Every structure is written in structure tokens, then in C-alpha cells.
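Here is the structure we will look at.
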There are 2 protein chains.
Amino acid sequence: MLPQFRVQQDDAVMVSGDDLKTTVAAVLQKMGVPEEDAELGADVMVLADLRGVDSHGVSNMLRSYVRGYTSGQINPRPNMRVIRETPSTANLDSDRGLGIITAPKGMDLAIKKAKEVGVGMVTLGNARHLGMASYHAMLALEHDMIGVCMTSCPPRVLPTFGAEPRLGTNPIAVAVPANKEPPFVFDAATSSVAQNKIEIARRLGAKLEPGWLAAEDGTPIMEEVDVPETYSLLPLGGTRELGSHKGYGLSCVVDILAGVLTGVGYGAVPGRPNFGHYVAAYSIAGFDDPTHFKETMDEWLLMMKSTAPAPGHDRVLVAGQPEAEMEAIRRVEGIPLHQEVVDFIHDTCAELAIPCAF
Amino acid sequence: MLPQFRVQQDDAVMVSGDDLKTTVAAVLQKMGVPEEDAELGADVMVLADLRGVDSHGVSNMLRSYVRGYTSGQINPRPNMRVIRETPSTANLDSDRGLGIITAPKGMDLAIKKAKEVGVGMVTLGNARHLGMASYHAMLALEHDMIGVCMTSCPPRVLPTFGAEPRLGTNPIAVAVPANKEPPFVFDAATSSVAQNKIEIARRLGAKLEPGWLAAEDGTPIMEEVDVPETYSLLPLGGTRELGSHKGYGLSCVVDILAGVLTGVGYGAVPGRPNFGHYVAAYSIAGFDDPTHFKETMDEWLLMMKSTAPAPGHDRVLVAGQPEAEMEAIRRVEGIPLHQEVVDFIHDTCAELAIPCAF
């Protein structure tokens with residue numbers, strides 16, 4: 001998913017991460033979520049906001065999670081069960097628990113296994129929305145491990161040459177610790193562009209970039225046109241000539257590892273309204289001295305950032321860097337929320353008879 | 001890497017896979033490679049040819065491997081050593097052995113570990129060219145495992161916004177077994193397009209597609225122009241608008257897992273003329289009943305292949321399908337080799353005083 005650096009607007013209300021977290025945790029508790037889980041879920045949502053990944057933060061997700069709990073589609077007190085297990089693997093039944101709360105638990109298990117045997121790899125079936133994939137991957141960092149997270153989502157993306165969506169936006173996140181530098185944190189959908197970028201373009205009346213979407217019949221739209229009424233997303237690459245078979249193939253890998261491997265289906269199974277998750281932790285000490293590795297990562301990150309920029313650009317970024325920079329700002333200045341979002345949270349708190357911290 | 005379905009040409013000589021393999025193995029033995037290793041290396045190269053991945057087959061690679069052995073750059077009798085090991089991980093020193101021979105051995109170790117504890121993950125530093133990455137990933141299939149292979153290569157690809165190559169074409173291969181259907185086999189560079197596709201375009205005088213290359217100053221070339229004298233490759237996605245930061249990030253992941261994690265450097269380390277490899281095997285039985293999994297994979301593969309095609313296309317393909325179809329043909333009809341390649345092999349055999357099987 002793409003960090004969405006919200007332009008500071010006149011109507012934005014600045015809310016501190018702590019206040020937002022307290023309030024969101026209270027809302028989740030009112031949904032029936034146990035206190036500790038509610039705090040975890042709030043932490044996942046608010047960290048997305050702090051890191052500038054607003055698409056997976058409170059403003060974009062809380063409404064849908066509240067709806068899911070209220071309708072009974074999400075289970076607030078899931079009974080997570082181990083279906084299969086080996087020293088380095090496990091497959092868990094999420095019992096319809098929300099991914100923002102179940103995936104960190106899956107990752108904790110993966111980390112425990114990686115401590116014992118070097119690698120831990122855990123799938124979670126019967127799952128609900130994951131939130132920001134990199135949150136779960138980043139849990140590995142403090143243990144001197146590389147963290148990986150993927151999720152198989154409902155179909156929105158066309159296979160190359162296809163006219164019917166068969167794959168979700170199926171993101172891949174990988175987090176790698178460094179020493180003094182901020183960690184490498186990659187987190188991206190395997191589609192050409194994020195769904196919400198399209199809807200933002202529609203709202204703003206902006207033109208589409210060529211290669212962002214396919215028309216209803218599956219033909220990639222290669223002109224700068226208005227956002228059409230109905231469309232499908234294209235896999236990363238856009239067209240076959242530009243390598244969309246690679247984006248398509250990577251999306252398939254996610255659908256297999258986070259979907260098929262759970263034993264309860266993949267993104268395009270008819271009538272499967274849920275998600276499947278995959279988390280893994282690789283202990284660096286299983287390959288190299290962690291101190292040496294992290295020092296080499298510093299060197300590698302600095303090498304990448306110091307690449308001479310192409311004309312029209314002032315610097316080269318590396319995955320995780322813009323998010324770390326945004327987090328440093330928002331931890332001080334707060335998170336900008338649209339008045340509309342603030343109103344929704346205030347209304348929700350009033351309805352649920354809980355205090356709002358802002 | 002892209003399967004290069006060679007157009008049958010008048011000057012092509014059809015050679016059986018077995019004859020080609022026998023001859024290549026004899027050449028490798030004359031380079032000082034032990035008999036068993038020579039047969040393994042020949043098998044890797046010839047399987048690439050059989051599957052239509054000519055870019056990594058005999059015609060494209062043998063000359064460079066012979067040159068590497070002759071110059072001493074590749075060690076024909078490497079002493080592979082375990083640097084670090086846990087129940088599920090190992091880091092090996094390849095001792096300058098050719099990847100087509102050392103990577104299958106790394107994968108054998110990964111498979112052994114996956115049998116014991118669920119996952120096996122092995123890095124190989126101080127390495128030489130990998131050959132077709134999917135060969136090594138596919139070794140996991142017969143053990144009811146998912147196979148993964150990556151390689152960190154010397155820099156040719158720009159970071160997004162950058163003007164200097166910092167990353168190799170850094171391919172990712174993933175192989176997943178099915179029941180009756182051919183396996184899912186993904187194998188692709190994380191660059192927008194393969195280097196040899198550019199050189200083919202230059203030879204044929206064909207125009208570049210927009211988004212294939214960057215000019216010398218790093219600016220992506222977005223017009224249909226002739227192949228420029230000097231250029232860099234772009235990461236998958238081509239431009240930032242089309243998601244090149246995703247291709248760039250995935251390439252970084254490969255450089256970290258197959259490069260930094262080996263403890264002996266990454267693709268862009270100055271003066272590092274070598275490669276780093278990463279292989280992994282995930283035991284399906286660690287997550288799901290393998291029979292159930294493989295039956296679901298059949299269903300998944302058929303679902304994907306039966307996607308209604310977009311206008312102008314007659315069918316939707318899935319990764320590994322075109323290669324399996326080509327392999328079925330070439331195992332019967334033989335491998336088409338250009339007369340020039342046949343001449344090179346004949347000359348080499350004559351120089352080395354070994355018989356050529358065709």
C-alpha cells in the first residue's frame with residue numbers, strides 16, 4: 001500500500017497519537033473486544049496514521065471495523081486454534097477475529113518458533129481485515145529478525161490478459177532491522193495502484209495515469225482519461241509489455257501462501273467474504289552475526305539513499321524512510337484528521353456512551 | 001526472467017535434450033568439474049532450454065561459464081562450507097562454485113531441514129551465476145513442498161528517482177505443487193524488462209516500449225524510440241506513477257535476503273564480482289494436508305486459466321503453464337539451436353578433444 005501523505009488542510013484537526021489510540025481502544029472495547037486486544041488493535045490503526053499510511057489508519061478503517069463488529073461479521077472474542085504445527089510452522093484458525101488483532105498474535109508465535117529453530121512461519125485462515133501489513137512484519141525487528149507479512153484479499157485485480165478479477169490487491173510487507181538507520185520496511189500491494197488512489201482521483205476530477213486501470217472488458221486503459229464508472233485494477237506492471245505478468249505472478253504467490261496454504265480457500269473462492277494471512281520471522285542469527293548484519297544494513301541503506309538523483313528529483317528514497325520521517329513529525333505535531341472523521345468519532349463515542357479524548 | 005519462445009527459424013538445428021545434456025556435461029568435466037556435478041549443471045542449463053527459457057539455457061550461458069572456468073573466476077571443485085546453521089537455517093560459503101551446481105545443493109539442505117522442522121532456508125555467499133532460478137525452487141515440488149529461490153546480482157537497475165544502478169535484475173522464483181495440473185512456477189526478474197530483450201530489440205532495429213529503460217541521466221524513456229547506446233534498466237513498474245517503487249522495493253528485498261544475509265555483501269558492493277543466492281523450502285504438511293492442498297491448487301489453477309480473456313487475447317495463462325507447454329513440445333521435437341551456437345559447441349568439443357553427441 002502507498003503511504004498517503006495527507007496535504008495539511010485548513011479543516012484538519014490535529015489529534016495526538018495517544019489520544020486517538022485511547023479513544024479507538026475504548027470504541028473497540030464497546031464492540032466486545034477484551035481490553036488488551038482493544039489496545040493492540042488501536043495501536044495497529046494509529047501506527048498507520050503516525051507513519052502516514054492513512055489508507056490503513058483510523059480515518060479510513062474504524063468505520064468499517066465498527067460495522068463489521070456490529071453486524072456480527074467480525075468476532076470480538078475469537079477462539080484462535082492451532083490446526084497444524086511443526087517446530088517452525090503453524091496454521092491457525094482465526095475464528096473470524098479481526099486481522100489487526102490476530103495477525104500480531106500469529107507473528108508472536110512465528111517469532112517464538114524462529115527463536116527456537118531459526119525460522120517461524122504462520123498462516124491464519126478464517127480471518128478478517130489485516131490492517132497495515134508492515135505493522136506485523138515490524139514486530140520481528142526488535143528480536144533481530146526479518147519479518148514478512150502477506151494477505152490474500154477478495155478479488156479486484158485482473159490476471160494479465162483477463163477480463164475478470166481473480167486476485168485481491170494482495171500486499172507483501174518485509175521489515176529488516178538496521179543499526180543506526182531506520183529499518184528497511186517494504187509494504188506494497190501487488191496491484192499497479194491502490195484502490196483508494198483511484199477514488200481520490202475521481203473525487204478530485206483528476207485524470208487517470210495510463211496503466212492504472214482496465215476498462216470493464218479487461219482492456220488496460222493507456223490514455224489519460226476520467227475515472228470510468230466501472231473498472232478493474234491491473235497487476236503491478238500494468239500491461240504485459242511492461243511486465244504485468246510479474247505483478248500478476250507475485251499476487252498469485254500471495255494468494256497461495258496466505259490463502260490456499262491456510263486450507264480454507266483463496267481470495268476468489270465464491271462466497272468467501274474473508275481474508276487469509278501469512279506471517280513469518282527469520283532469525284538473522286541463523287545466518288550471520290546480527291551486529292555485523294545490522295551494520296551492513298546501515299551501509300546498504302546509506303548507499304541506496306545516496307544514489308545520485310535523476311533530473312527533477314532531489315533525492316532517492318528507500319522503503320520505510322518516508323514513513324519513518326512522517327512518524328517523527330506526527331509524533332510531535334499530531335495526526336491531521338478531517339473534521340468529518342472527528343465528527344464520526346465524536347458521534348460514535350456519544351452513541352456508545354464513552355468519553356472521547358479529543 | 002521471461003520465457004523466450006524462440007521463433008522456429010530456417011537455420012535452427014533441432015537437438016534432443018539428452019544429446020545436449022551429454023555434451024554439455026562433457027564440456028563441464030573438461031573444465032575440471034567432477035562428473036556428478038557436471039551432470040547436475042548440464043541438467044540445469046538444458047531444463048531451461050526445454051522449458052523455453054532460452055535466456056538461461058545452453059545457447060546463452062555455456063560460453064560465459066566456460067570463460068569463467070578458464071579464467072579461474074569460477075572454481076570447478078568448490079569446498080562448500082557451513083558458516084552458520086540452526087535446525088531451519090544455514091548460511092553456506094560457495095567457495096566460488098557455479099550457482100547452477102551449488103544452489104541445488106543448498107536447496108537439498110533446505111529440503112532436509114524442512115522435512116525435520118517444517119521450513120528450511122539457506123543462503124549461499126561467495127557465489128557465481130545461478131542459472132534459471134526456478135530450477136532450484138522446483139526441486140521442492142516432489143517433496144510436497146513450496147520452493148523459493150532468489151539471487152542478488154551485480155547492479156544494472158536504477159532505484160526509483162535514481163540515476164545510478166544500485167540493484168541487479170534480482171529475480172524471484174516460487175514453485176508450488178499441484179495434483180493433476182502442472183505446478184505453479186513463477187520466475188521473474190524484478191526489473192521492468194530483461195536485459196536480453198533490450199539487446200534483441202537493438203539487433204532487430206525494433207523500438208523500445210515506453211517504461212522499459214532509463215536514459216543515461218536516469219530519466220525513464222516514455223516514448224517509442226530506438227535503443228540508446230547507454231541506458232539503465234528500470235525496476236518493475238517503470239515509473240513512480242506506475243508503481244516502480246514496488247519493483248524497486250522487491251529488488252531490495254532480494255538484495256537483502258540473497259546478498260546482505262550471506263554476510264559477504266550485496267549486489268552493489270564495489271569490487272564484488274559475484275552473486276549471492278537464497279533458497280527455501282516450506283513443507284506443506286506443516287500447514288495443511290498435502291493432498292487437500294494439491295487438490296485445491298488444481299482448482300485454483302483451473303479457476304485462473306478459465307478467466308474470461310480481454311479483447312485481443314484468446315486465453316489467460318498462469319505462471320509455469322507456458323513453460324510446461326513448451327517442455328512437452330521440446331521433449332519430443334528437440335531444442336532449436338542457432339547454427340552459430342551449434343558451431344560454438346562443435347568447436348569447443350574439438351578444442352577439448354571430447355565427442356559431441358550431435
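The way I read the labels, and the way they are meant: chains A, B, ... in the order of the C-alpha cells, residue 1 as the first residue of every chain, and ligand 1 as the first ligand shown, with later ones counted on from there.
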Mind listing as a PyMOL selection string which residues of chain A are within 7 Å of chain B, counting only C-alpha atoms? chain A and resi 84-91+117-119+160-164+166+186+188+192-193+211-212+217-219+236-237+242-243+246+249+260-263+286-288+293+296+304+307-311+313+316+319
Got time to write the residues from that selection, C-alpha atoms, as a PDB file, in the first residue's frame?
ATOM      1  CA  ARG A  84      -1.369 -27.852  12.420  1.00  0.00           C
ATOM      2  CA  GLU A  85       2.038 -27.203  13.871  1.00  0.00           C
ATOM      3  CA  THR A  86       5.702 -28.168  13.442  1.00  0.00           C
ATOM      4  CA  PRO A  87       8.753 -26.626  15.162  1.00  0.00           C
ATOM      5  CA  SER A  88       8.902 -23.880  12.502  1.00  0.00           C
ATOM      6  CA  THR A  89       5.327 -23.684  11.175  1.00  0.00           C
ATOM      7  CA  ALA A  90       1.725 -23.338  12.312  1.00  0.00           C
ATOM      8  CA  ASN A  91      -1.648 -22.898  10.679  1.00  0.00           C
ATOM      9  CA  VAL A 117      14.667 -23.222  15.348  1.00  0.00           C
ATOM     10  CA  GLY A 118      15.667 -20.225  13.183  1.00  0.00           C
ATOM     11  CA  VAL A 119      12.505 -19.582  11.151  1.00  0.00           C
ATOM     12  CA  THR A 160      -2.744 -10.425 -17.273  1.00  0.00           C
ATOM     13  CA  PHE A 161      -4.911 -10.816 -20.437  1.00  0.00           C
ATOM     14  CA  GLY A 162      -8.002 -11.414 -18.247  1.00  0.00           C
ATOM     15  CA  ALA A 163     -11.368  -9.649 -18.095  1.00  0.00           C
ATOM     16  CA  GLU A 164     -12.497 -10.883 -14.667  1.00  0.00           C
ATOM     17  CA  ARG A 166      -9.381 -13.106  -9.741  1.00  0.00           C
ATOM     18  CA  PHE A 186       8.659  -2.518   2.397  1.00  0.00           C
ATOM     19  CA  ALA A 188       3.073  -2.638  -1.118  1.00  0.00           C
ATOM     20  CA  SER A 192      -0.498  -1.299 -10.177  1.00  0.00           C
ATOM     21  CA  VAL A 193      -2.187   1.275  -7.960  1.00  0.00           C
ATOM     22  CA  GLY A 211      -1.704   1.725 -16.960  1.00  0.00           C
ATOM     23  CA  TRP A 212      -3.596   2.259 -13.718  1.00  0.00           C
ATOM     24  CA  ASP A 217     -13.911  -5.594 -20.750  1.00  0.00           C
ATOM     25  CA  GLY A 218     -10.406  -6.005 -19.296  1.00  0.00           C
ATOM     26  CA  THR A 219      -8.558  -3.762 -21.762  1.00  0.00           C
ATOM     27  CA  LEU A 236       1.812  -4.225 -10.940  1.00  0.00           C
ATOM     28  CA  GLY A 237       3.358  -3.537 -14.351  1.00  0.00           C
ATOM     29  CA  LEU A 242       5.646  -3.515 -19.025  1.00  0.00           C
ATOM     30  CA  GLY A 243       5.750  -6.734 -17.011  1.00  0.00           C
ATOM     31  CA  LYS A 246       5.234 -10.308 -12.922  1.00  0.00           C
ATOM     32  CA  GLY A 249       2.521 -13.799 -10.579  1.00  0.00           C
ATOM     33  CA  VAL A 260      -4.535 -21.787  -0.258  1.00  0.00           C
ATOM     34  CA  LEU A 261      -1.995 -22.729   2.429  1.00  0.00           C
ATOM     35  CA  THR A 262      -4.490 -21.911   5.220  1.00  0.00           C
ATOM     36  CA  GLY A 263      -6.606 -24.821   3.959  1.00  0.00           C
ATOM     37  CA  GLY A 286      20.625 -18.267  11.883  1.00  0.00           C
ATOM     38  CA  PHE A 287      22.679 -16.815   9.005  1.00  0.00           C
ATOM     39  CA  ASP A 288      25.085 -14.130  10.229  1.00  0.00           C
ATOM     40  CA  PHE A 293      24.262  -7.771   9.632  1.00  0.00           C
ATOM     41  CA  THR A 296      25.901  -3.860   6.818  1.00  0.00           C
ATOM     42  CA  MET A 304      20.819   3.431  -1.582  1.00  0.00           C
ATOM     43  CA  THR A 307      22.295   7.415  -5.133  1.00  0.00           C
ATOM     44  CA  ALA A 308      22.612  10.418  -7.450  1.00  0.00           C
ATOM     45  CA  PRO A 309      19.058  11.503  -8.326  1.00  0.00           C
ATOM     46  CA  ALA A 310      17.638  11.702 -11.842  1.00  0.00           C
ATOM     47  CA  PRO A 311      16.699  15.167 -13.205  1.00  0.00           C
ATOM     48  CA  HIS A 313      14.180  14.674  -8.235  1.00  0.00           C
ATOM     49  CA  VAL A 316      16.403   8.771  -3.740  1.00  0.00           C
ATOM     50  CA  ALA A 319      11.404   1.670   1.657  1.00  0.00           C
TER      51      ALA A 319
END
Strand (DSSP E) residues, from DSSP on the backbone, in range 123-311 of chain A, as JSON, numbers by chain: {"A": [123, 124, 125, 126, 127, 145, 146, 147, 148, 149, 150, 151, 152, 172, 173, 174, 175, 176, 184, 185, 186, 187, 188, 213, 214, 232, 233, 275, 276, 277, 278, 279, 280, 281, 282, 283]}
Generate a file of the selected residues that holds C-alpha atoms, formatted as an mmCIF file, in the first residue's frame.
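File written: selection_20.cif
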data_model
loop_
_atom_site.group_PDB
_atom_site.id
_atom_site.type_symbol
_atom_site.label_atom_id
_atom_site.label_comp_id
_atom_site.auth_asym_id
_atom_site.auth_seq_id
_atom_site.Cartn_x
_atom_site.Cartn_y
_atom_site.Cartn_z
ATOM 1 C CA THR A 123 -0.791 -18.889 8.335
ATOM 2 C CA LEU A 124 -4.148 -17.623 9.614
ATOM 3 C CA GLY A 125 -7.357 -18.743 7.939
ATOM 4 C CA ASN A 126 -10.960 -17.725 8.572
ATOM 5 C CA ALA A 127 -9.590 -14.234 9.021
ATOM 6 C CA MET A 145 14.695 -10.897 12.894
ATOM 7 C CA ILE A 146 13.424 -10.189 9.401
ATOM 8 C CA GLY A 147 9.621 -10.031 9.382
ATOM 9 C CA VAL A 148 7.331 -10.889 6.459
ATOM 10 C CA CYS A 149 3.568 -10.455 6.149
ATOM 11 C CA MET A 150 1.124 -11.053 3.297
ATOM 12 C CA THR A 151 -2.643 -11.159 2.989
ATOM 13 C CA SER A 152 -4.947 -12.739 0.455
ATOM 14 C CA ILE A 172 3.612 -8.006 0.644
ATOM 15 C CA ALA A 173 5.436 -6.472 3.620
ATOM 16 C CA VAL A 174 9.049 -7.145 4.580
ATOM 17 C CA ALA A 175 10.813 -5.473 7.539
ATOM 18 C CA VAL A 176 14.572 -5.698 8.061
ATOM 19 C CA PHE A 184 14.020 -1.166 5.830
ATOM 20 C CA VAL A 185 10.223 -1.539 5.708
ATOM 21 C CA PHE A 186 8.659 -2.518 2.397
ATOM 22 C CA ASP A 187 4.860 -2.682 2.222
ATOM 23 C CA ALA A 188 3.073 -2.638 -1.118
ATOM 24 C CA LEU A 213 -6.865 0.542 -14.619
ATOM 25 C CA ALA A 214 -8.611 -1.752 -17.034
ATOM 26 C CA SER A 232 -10.836 -3.364 -12.526
ATOM 27 C CA LEU A 233 -7.371 -2.891 -11.117
ATOM 28 C CA PHE A 275 -9.145 -12.959 4.222
ATOM 29 C CA GLY A 276 -6.145 -15.197 4.794
ATOM 30 C CA HIS A 277 -2.927 -14.017 6.369
ATOM 31 C CA TYR A 278 0.695 -15.172 6.308
ATOM 32 C CA VAL A 279 3.397 -14.018 8.746
ATOM 33 C CA ALA A 280 6.991 -15.163 9.036
ATOM 34 C CA ALA A 281 10.087 -14.333 11.073
ATOM 35 C CA TYR A 282 13.656 -15.221 10.046
ATOM 36 C CA SER A 283 16.245 -15.077 12.812
#
One-decimal distance in Å that lies between CA of Ala25 in chain A and CA of Gly99 in chain A: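 We find that CA of Gly99 in chain A and CA of Ala25 in chain A lie 15.3 Å from each other.
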Two-atom distance - CA of Ile198 in chain A, CA of Arg240 in chain A (Å):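 One can read the CA of Ile198 in chain A to CA of Arg240 in chain A distance as 21.1 Å.
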Would you mind listing what lies within 10 Å of Asp37 in chain A as a PDB file with N, CA and C atoms, in the first residue's frame, with only C-alpha atoms counted and same-chain residues fewer than 3 positions away left out?
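Resulting contents of around-v4.pdb:
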ATOM      1  N   ALA A  25      -9.355   2.527  21.260  1.00  0.00           N
ATOM      2  CA  ALA A  25      -9.381   1.334  22.121  1.00  0.00           C
ATOM      3  C   ALA A  25     -10.703   1.251  22.882  1.00  0.00           C
ATOM      4  N   LEU A  28     -13.366   0.013  20.517  1.00  0.00           N
ATOM      5  CA  LEU A  28     -13.244  -1.435  20.280  1.00  0.00           C
ATOM      6  C   LEU A  28     -13.755  -2.222  21.496  1.00  0.00           C
ATOM      7  N   GLN A  29     -13.450  -1.728  22.701  1.00  0.00           N
ATOM      8  CA  GLN A  29     -13.945  -2.435  23.892  1.00  0.00           C
ATOM      9  C   GLN A  29     -15.472  -2.475  23.905  1.00  0.00           C
ATOM     10  N   VAL A  33     -14.630  -6.278  22.378  1.00  0.00           N
ATOM     11  CA  VAL A  33     -13.235  -6.739  22.315  1.00  0.00           C
ATOM     12  C   VAL A  33     -12.606  -6.610  23.711  1.00  0.00           C
ATOM     13  N   PRO A  34     -11.919  -7.653  24.207  1.00  0.00           N
ATOM     14  CA  PRO A  34     -11.260  -7.569  25.513  1.00  0.00           C
ATOM     15  C   PRO A  34     -10.246  -6.417  25.542  1.00  0.00           C
ATOM     16  N   LEU A  40      -4.284  -3.348  21.513  1.00  0.00           N
ATOM     17  CA  LEU A  40      -3.457  -3.811  20.397  1.00  0.00           C
ATOM     18  C   LEU A  40      -4.032  -3.318  19.067  1.00  0.00           C
ATOM     19  N   GLY A  41      -5.318  -3.523  18.867  1.00  0.00           N
ATOM     20  CA  GLY A  41      -5.964  -3.096  17.615  1.00  0.00           C
ATOM     21  C   GLY A  41      -5.828  -1.596  17.395  1.00  0.00           C
ATOM     22  N   ALA A  42      -6.017  -0.828  18.475  1.00  0.00           N
ATOM     23  CA  ALA A  42      -5.889   0.632  18.363  1.00  0.00           C
ATOM     24  C   ALA A  42      -4.454   1.009  18.006  1.00  0.00           C
ATOM     25  N   ASP A  43      -3.501   0.288  18.573  1.00  0.00           N
ATOM     26  CA  ASP A  43      -2.092   0.572  18.282  1.00  0.00           C
ATOM     27  C   ASP A  43      -1.786   0.354  16.796  1.00  0.00           C
ATOM     28  N   PRO A  76     -15.584 -10.486  18.099  1.00  0.00           N
ATOM     29  CA  PRO A  76     -14.739  -9.704  19.017  1.00  0.00           C
ATOM     30  C   PRO A  76     -13.924 -10.571  19.973  1.00  0.00           C
ATOM     31  N   ARG A  77     -14.374 -11.812  20.211  1.00  0.00           N
ATOM     32  CA  ARG A  77     -13.654 -12.687  21.147  1.00  0.00           C
ATOM     33  C   ARG A  77     -13.351 -14.023  20.474  1.00  0.00           C
ATOM     34  N   ILE A 100      -6.115  -7.170  12.492  1.00  0.00           N
ATOM     35  CA  ILE A 100      -5.238  -6.236  13.211  1.00  0.00           C
ATOM     36  C   ILE A 100      -4.942  -6.749  14.616  1.00  0.00           C
ATOM     37  N   ILE A 101      -5.782  -7.656  15.123  1.00  0.00           N
ATOM     38  CA  ILE A 101      -5.556  -8.214  16.466  1.00  0.00           C
ATOM     39  C   ILE A 101      -5.018  -9.641  16.399  1.00  0.00           C
ATOM     40  N   THR A 102      -5.445 -10.415  15.396  1.00  0.00           N
ATOM     41  CA  THR A 102      -4.994 -11.813  15.321  1.00  0.00           C
ATOM     42  C   THR A 102      -3.616 -11.933  14.672  1.00  0.00           C
TER      43      THR A 102
END
Measure the distance from CA of Arg272 in chain B to CA of Asp108 in chain B in Å and round it to one decimal.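 It comes out at 26.6 Å.
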Excluding range 46-62 of chain A and residues on its chain fewer than 3 positions from it, collect all residues at most 9 Å away from it, counting only C-alpha atoms, and give them as an MDAnalysis selection string. chainID A and resid 1:6 17:18 20:21 24 41:43 65:67 131:132 135 196 322:331 334:338 341:342 345
Close residues, Gln73 in chain B itself excluded, 10 Å, only C-alpha atoms, min 6 positions apart in chain, as a list in words: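 Surrounding residues, per the criterion: Tyr65, Arg67, Arg96, Gly97, Leu98, Arg128, Pro273 and Asn274 of chain B.
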Selection from above, N, CA and C atoms, as a PDB file, in the first residue's frame, can you write it?
ATOM      1  N   TYR B  65      30.090 -19.494 -18.990  1.00  0.00           N
ATOM      2  CA  TYR B  65      30.563 -20.395 -17.940  1.00  0.00           C
ATOM      3  C   TYR B  65      31.953 -20.959 -18.292  1.00  0.00           C
ATOM      4  N   ARG B  67      34.157 -19.531 -20.120  1.00  0.00           N
ATOM      5  CA  ARG B  67      35.090 -18.427 -19.928  1.00  0.00           C
ATOM      6  C   ARG B  67      35.425 -18.262 -18.446  1.00  0.00           C
ATOM      7  N   ARG B  96      33.208 -19.856  -4.511  1.00  0.00           N
ATOM      8  CA  ARG B  96      33.246 -19.509  -5.938  1.00  0.00           C
ATOM      9  C   ARG B  96      32.746 -20.609  -6.858  1.00  0.00           C
ATOM     10  N   GLY B  97      31.926 -21.503  -6.337  1.00  0.00           N
ATOM     11  CA  GLY B  97      31.326 -22.529  -7.199  1.00  0.00           C
ATOM     12  C   GLY B  97      30.202 -21.943  -8.026  1.00  0.00           C
ATOM     13  N   LEU B  98      29.966 -22.513  -9.198  1.00  0.00           N
ATOM     14  CA  LEU B  98      28.912 -22.026 -10.094  1.00  0.00           C
ATOM     15  C   LEU B  98      27.540 -22.329  -9.476  1.00  0.00           C
ATOM     16  N   ARG B 128      28.585 -17.807  -7.648  1.00  0.00           N
ATOM     17  CA  ARG B 128      28.635 -17.438  -9.056  1.00  0.00           C
ATOM     18  C   ARG B 128      27.258 -17.662  -9.677  1.00  0.00           C
ATOM     19  N   PRO B 273      32.476  -9.092  -7.566  1.00  0.00           N
ATOM     20  CA  PRO B 273      32.076  -9.543  -8.904  1.00  0.00           C
ATOM     21  C   PRO B 273      31.154 -10.753  -8.839  1.00  0.00           C
ATOM     22  N   ASN B 274      30.662 -11.060  -7.653  1.00  0.00           N
ATOM     23  CA  ASN B 274      29.954 -12.333  -7.522  1.00  0.00           C
ATOM     24  C   ASN B 274      28.467 -12.155  -7.228  1.00  0.00           C
TER      25      ASN B 274
END
Those of range 71-167 of chain B in DSSP alpha helix (DSSP H), formatted as an MDAnalysis selection string: chainID B and resid 71 99:117 133:138
Just checking: using only C-alpha atoms, which residue out of A:Lys197, A:Arg202, A:Arg156, A:Lys105 ends up closest to Ala140 in chain A?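 Selected residue with least distance to Ala140 in chain A: A:Lys105.
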